[in-house]
Structure formats: C-alpha cells, structure tokens
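S.K.: Structure in structure tokens, see below.
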Amino acid sequence: MNSAPPVSPTYVEETRFGFWFLQSHVWQHHVLRVAINDLLRLVGEPLPQAAVLLDAGCGQGRSFRLLQQAFAPARMIGLDADPHSLDCSRREAEQLDLEVELVASDCAAIDLPDNSVDLLFCHQTLHHLVEQEKALGEFWRVLKPGGRLLLAESTKYYIDTWVIRWLFRHPMHVQRSAQQYLDMLAAQGFEFTDNDVSYPYLWWSRSRDFGLLERWGLMRPKPVGQRDETLLNVVARKPL
C-alpha cells in the first residue's frame, strides 16, 4: 500500500493534476482573468500611483500579465513556498518580458518588510494553507496603511465536493464558508463594506452538477443569501 505524500506543516501541496491544471488556458482565462477583472471592479476608486503589488501564492506566474494589465504596478513581487512553482514563475516573467521579483517564502512567514506593499493579491491560496490566521496577519503586516488586500477564494462548499476531493488536495479541516472568511478578515482589522464584496456564481464552481440544470432551464439559481456560496471576492483595506 502506498504511503500518503509528505505534507508541509503550513500548507498542502497540489496534486500532479492540479499542478498541470494551473498551467492551462482554462485556468488563466476562465478563473484568473475573471477573478482579477471582478477585483478591479470592486477596487473602483483610483489606484495608488507607483504601486507595489505582491502576488501571495503566485504559483506558476500565470497571473503576472493579467495583474500588470489591470493594476499597472511600478513593482511586482511574486511569492510562493514551492521551488518548482517559482522556477515556472521565473520562466513566465521572462517570456512576458516583465520584471517580477520572486520571493521563496511561506504566506505564514513572508520575507518582506513591514508596511512595504500597496496591493496584495491572494487568489485561491488561503484554502491551501493550514495557518490561515497567521497568513492573514502577515498580509496585514506587509501592507501599508491604506493598502488593499485583493482576495479571491473558494469556500468549503466548493472544496468539499466529490470532484475537487478526487482531483485536488486540500487541508479539509480549515475550509471556511464565505461568511467565515469575511469574519476572519474583520477580526484581523481589515475594513470593507457590502460594496467591496462579490459572490461569483460560476458554473465551474458548482461541481455537484456544474450548473447544468440551470443552463438547461430546469432550475433557477437561488439569489445571494439563499444559497451556499462557492466563491468569494473581496477588496479589504488596512486602515490608515
């Protein structure tokens, strides 16, 4: 009988399928692009000039081009704990001719100074982390006063479904609902209003039926507040 793969004390590594999927056009176009566009909409107000943007959990760097186009940072930093992912990120930045500083660091212990980041992008990363509160504390520490956390997450109602359990790997005991993630942000001190939050209801996140019943007109989707949200996007500010 094969033994289970080694697990980091702070995060759960992705499966081979998951690592492959995160390189795909589907991931970049239907997941990353959609999330970044929605977060840009939620930011709304003018972006900080000459911003420093941190991509926390940058993976293979597929977000770099989209982040540059959306937020035009003066300095972009990609952070990930996995050396292989950072190698992929380095190649991605080179192919795009983008200057991206890469940092080998865990989100729960970020190797950056206090108050050094204007925008912190965290996309589909928290649900891999065992020490979510500690990571959020690090996000708070490195953000400048007035800086913004751009968070896009899947909730437990997506992560704890048969297809995700089968194809991917996550620490199931730390998965949260959308409201629980928002409560965690508020407990850390981040500020946001209802206008800073969205609950995307995308077909690929409803893995019980992939939204097929609704697409075929056999069922109407329930409104926000009457359904188990599978996705959460929020722009939260560190107060001045």
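Ligands are numbered from 1 in the order shown, chains are lettered A, B, ... in the order of the structure tokens, and residues start at 1 in each chain.
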How would you write, as a PyMOL selection string, the set of residues in range 22-56 of chain A that DSSP gives as helix (DSSP H, G or I)?

M.R.: chain A and resi 25-43

S.K.: Please, which residues in range 5-106 of chain A fall within 12 Å of range 225-234 of chain A when counting only C-alpha atoms, and what is the closest atom pair and distance in Å to one decimal for each, ordered by chain then residue number, as a tab-separated table?

M.R.:
residue	atom	partner	partner_atom	distance
A:Val31	CA	A:Leu231	CA	10.9
A:Leu32	CA	A:Asn233	CA	11.8
A:Val34	CA	A:Asn233	CA	10.6
A:Ala35	CA	A:Asn233	CA	7.4
A:Ile36	CA	A:Asn233	CA	9.3
A:Asn37	CA	A:Asn233	CA	10.6
A:Asp38	CA	A:Asn233	CA	7.6
A:Leu39	CA	A:Asn233	CA	6.7
A:Leu40	CA	A:Val234	CA	10.3
A:Arg41	CA	A:Val234	CA	10.5
A:Leu42	CA	A:Val234	CA	7.4
A:Val43	CA	A:Val234	CA	9.0

S.K.: I'd like the contact shell of Phe71 in chain A - 9 Å cut-off, only C-alpha atoms, skipping same-chain residues fewer than 4 positions apart - returned as a list in words.

M.R.: Leu40, Leu47, Ala51, Leu53, Leu66 and Leu67 of chain A

S.K.: Given only C-alpha atoms as the basis, pick out the residue of A:Ser89, A:Gln68, A:Asn195, A:Thr125 nearest to Leu151 in chain A.

M.R.: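 Between A:Ser89, A:Gln68, A:Asn195, A:Thr125, the residue approaching Leu151 in chain A most closely is A:Thr125.
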
S.K.: Between A:Leu120, A:Asp183, A:Tyr201, A:Ser105, single out the one closest to Ser154 in chain A, counting only C-alpha atoms.

M.R.: A:Tyr201
